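Working notes, structure below.
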Amino acid sequence: AFADLSTDVDETAELNEADDDDGEAVDALGMLEYQEFIAQRRNGGELTKEAGADDAGTLTVVAAAGGVQHTLAALNLTDVLRRLPLVTSRSEADQVAVDFCYVNSRTSRRALISALIEAPRRHMFVIPLYARIIATLSAYFPEVGEGVEAELRREFSWLARKRFRGLLDTRLKNILFIAELVKFRAVPLHVPFGCARILLDQLHVQNIEVLCALLEGCGRFLRVQPETTARVLVLLDELARRRRTLNLDDRTLQMIENAHIACELRRARAAPTVKARTPYERYVRKLMYEDLTADTFGTVSVQLRRLPWRGLAQQNDPQRVRHALMSCFTKVWKLKHAHVPVAAKVLEEIGRVHPWFRVAVVDAVLERVQLGLEHNEFAR
């Protein structure tokens with residue numbers, strides 16, 4: 001029996017290893033097909049190796065002051081393309097776009113399109129910067145934006161027909177590129193909906209992940225646009241309906257939930273309200289909350305006694321001095337714990353000159369204590 005059991009275990013292990021080998025072979029086959037697709041795309045674009053060699057030029061910049069001319073080093077297309085994968089900030093991306101204008105030609109534009117669409121799939125952070133370069137150059141060279149859009153849509157159609165696991169990163173890079181270009185309006189707004197329709201028609205786990213990446217990339221942008229708001233809502237409703245009919249794992253369900261959250265509009269935060277206070281109110285608050293210490297006790301007491309106290313006992317308070325004093329002396333929780341005895345000493349000094357104020361503060365404090373005991377509200 002033990003011999004039969006060990007034989008079954010060995011056969012199961014051999015089957016698992018065979019399945020793993022088959023999966024790796026399929027992934028390798030998919031990568032080979034993708035490399036053939038890239039080679040075909042390069043040959044179809046008629047890109048020559050001499051691109052950039054004939055576009056080298058010397059830049060002459062005239063300084064703003066004095067009119068002195070400074071000659072910079074020669075710049076060619078090879079240098080510009082070599083700097084593309086090293087772009088890490090918006091300023092660097094803008095500088096690459098400006099430098100390309102000096103080596104612009106039909107051949108260089110084709111070489112730039114090829115370099116942009118072949119962004120490294122392991123460095124997704126450069127894709128928004130590439131999209132910024134494309135959007136900047138498309139305003140002056142429409143051929144760049146149109147070429148990138150055509151190649152990305154062609155690549156998306158080719159990848160949609162393949163279901164190799166090894167091409168998932170490439171598919172995510174492709175759809176993220178399209179989403180970033182949509183946000184820069186370098187691609188028409190109907191393009192992401194066409195991609196989403198293709199993914200929904202063949203909805204499986206890999207297509208769900210690509211669709212969620214598309215929604216997280218540009219879903220909120222499309223939701224805000226008046227011409228695409230209705231289409232985004234229809235897309236989200238269909239995705240939610242299809243989600244209930246499929247037997248999906250927790251990871252896939254969480255991706256769909258994150259995509260829905262990414263498409264929700266953010267609530268506009270109300271601007272913080274600033275209380276309108278008179279100069280006397282701001283001065284009293286500064287003395288009590290900022291200047292009051294055991295060392296400055298005498299100075300604060302003198303400054304508070306110099307305030308315009310005439311008429312405060314009769315509620316004649318146009319400058320809201322009484323209100324500021326009562327607020328500072330009754331809301332002692334706004335003071336530091338070590339400064340509470342000092343505030344009591346200041347109240348004693350003021351009470352010698354204005355006894356009614358000392359009585360009013362004590363009554364207000366006792367009333368607050370009684371109110372807190374009666375309502376039993378911990379928030380207060």
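Chain identifiers are assigned as A, B, and so on, following the order in which chains appear in the structure tokens; residues are numbered from 1 within each chain, and ligands are numbered from 1 in order of appearance.
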As a ChimeraX atom specification, which residues of region 78-153 of chain A does DSSP assign to helix (DSSP H, G or I)?
/A:78-86,90-102,106-117,124-138,142-153
Mind checking which residues fall within 10 Å of Gln303 (chain A), counting only C-alpha atoms, ignoring those fewer than 4 positions away in the same chain, and posting them as an mmCIF file with N, CA and C atoms, in the first residue's frame?
```
data_model
loop_
_atom_site.group_PDB
_atom_site.id
_atom_site.type_symbol
_atom_site.label_atom_id
_atom_site.label_comp_id
_atom_site.auth_asym_id
_atom_site.auth_seq_id
_atom_site.Cartn_x
_atom_site.Cartn_y
_atom_site.Cartn_z
ATOM 1 N N TYR A 283 -5.544 90.497 19.787
ATOM 2 C CA TYR A 283 -4.495 90.855 20.743
ATOM 3 C C TYR A 283 -4.681 90.106 22.069
ATOM 4 N N VAL A 284 -5.935 89.994 22.529
ATOM 5 C CA VAL A 284 -6.192 89.269 23.771
ATOM 6 C C VAL A 284 -5.833 87.796 23.621
ATOM 7 N N LEU A 287 -2.099 87.371 23.809
ATOM 8 C CA LEU A 287 -1.558 87.474 25.164
ATOM 9 C C LEU A 287 -1.815 86.209 25.973
ATOM 10 N N GLY A 298 3.452 89.206 34.964
ATOM 11 C CA GLY A 298 3.254 90.628 35.251
ATOM 12 C C GLY A 298 2.984 91.428 33.987
ATOM 13 N N THR A 299 3.724 91.154 32.910
ATOM 14 C CA THR A 299 3.541 91.910 31.666
ATOM 15 C C THR A 299 2.155 91.681 31.077
ATOM 16 N N LEU A 307 -6.499 97.537 28.515
ATOM 17 C CA LEU A 307 -7.546 97.457 27.494
ATOM 18 C C LEU A 307 -8.672 98.448 27.806
#
```
If you count only C-alpha atoms, which residues fall within 9 Å of Met255 (chain A), apart from same-chain ones fewer than 5 positions away, as a ChimeraX atom specification?
/A:208-209,212-213,250,260
Emit the selected residues as a PDB file, in the first residue's frame, including N, CA and C atoms.
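Output contents, as saved in out.pdb:
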```pdb
ATOM      1  N   ILE A 208      -9.966  41.390 -17.233  1.00  0.00           N
ATOM      2  CA  ILE A 208     -10.503  42.174 -16.112  1.00  0.00           C
ATOM      3  C   ILE A 208      -9.409  43.042 -15.499  1.00  0.00           C
ATOM      4  N   GLU A 209      -8.217  42.469 -15.336  1.00  0.00           N
ATOM      5  CA  GLU A 209      -7.111  43.240 -14.762  1.00  0.00           C
ATOM      6  C   GLU A 209      -6.714  44.392 -15.679  1.00  0.00           C
ATOM      7  N   CYS A 212      -9.493  47.064 -15.425  1.00  0.00           N
ATOM      8  CA  CYS A 212      -9.382  47.819 -14.159  1.00  0.00           C
ATOM      9  C   CYS A 212      -8.226  48.819 -14.220  1.00  0.00           C
ATOM     10  N   ALA A 213      -7.122  48.425 -14.858  1.00  0.00           N
ATOM     11  CA  ALA A 213      -6.010  49.368 -15.019  1.00  0.00           C
ATOM     12  C   ALA A 213      -6.425  50.560 -15.877  1.00  0.00           C
ATOM     13  N   ASP A 250     -11.042  36.499  -4.740  1.00  0.00           N
ATOM     14  CA  ASP A 250     -11.077  37.730  -3.942  1.00  0.00           C
ATOM     15  C   ASP A 250     -10.184  38.817  -4.540  1.00  0.00           C
ATOM     16  N   HIS A 260     -13.968  50.838  -9.392  1.00  0.00           N
ATOM     17  CA  HIS A 260     -15.176  51.632  -9.153  1.00  0.00           C
ATOM     18  C   HIS A 260     -14.865  52.842  -8.273  1.00  0.00           C
TER      19      HIS A 260
END
```
Let's see if you can do this: from backbone DSSP, list all strand (DSSP E) residues in region 55-216 of chain A, as a VMD selection string.
chain A and resid 60 to 62 69 to 71
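Distances here use only C-alpha atoms; by that measure, the residue among A:Val144, A:Leu292, A:Leu248, A:Val182 closest to Cys328 (chain A) is A:Leu292.
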Rank nothing, just name the residue among A:Ala270, A:Leu32, A:Leu77, A:Val232 nearest to Phe164 (chain A), using only C-alpha atoms.
A:Leu32
Top pick for closest residue to Lys183 (chain A), considering A:Glu257, A:Glu216, A:Glu290, A:Glu367 and counting only C-alpha atoms:
A:Glu216
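Distance annotation: of A:Ile127, A:Leu265, A:Leu181, A:Cys195, the residue with the minimal separation from Arg220 (chain A) is A:Leu265; atom set is only C-alpha atoms.
Taking CA of Ala186 (chain A) and CA of Thr136 (chain A) as the two end points, the separation is 9.1 Å.
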Taking 3 positions as the minimum chain separation for residues in the same chain, which residues sit within 9 Å of Ala119 (chain A) when counting only C-alpha atoms? Answer as a VMD selection string.
chain A and resid 84 to 85 115 to 116 122 to 124 126 to 127 130 173
Residue with smallest distance to Arg171 (chain A) - pool A:Leu211, A:Met326, A:Met288, A:Leu112, counting only C-alpha atoms:
A:Leu211
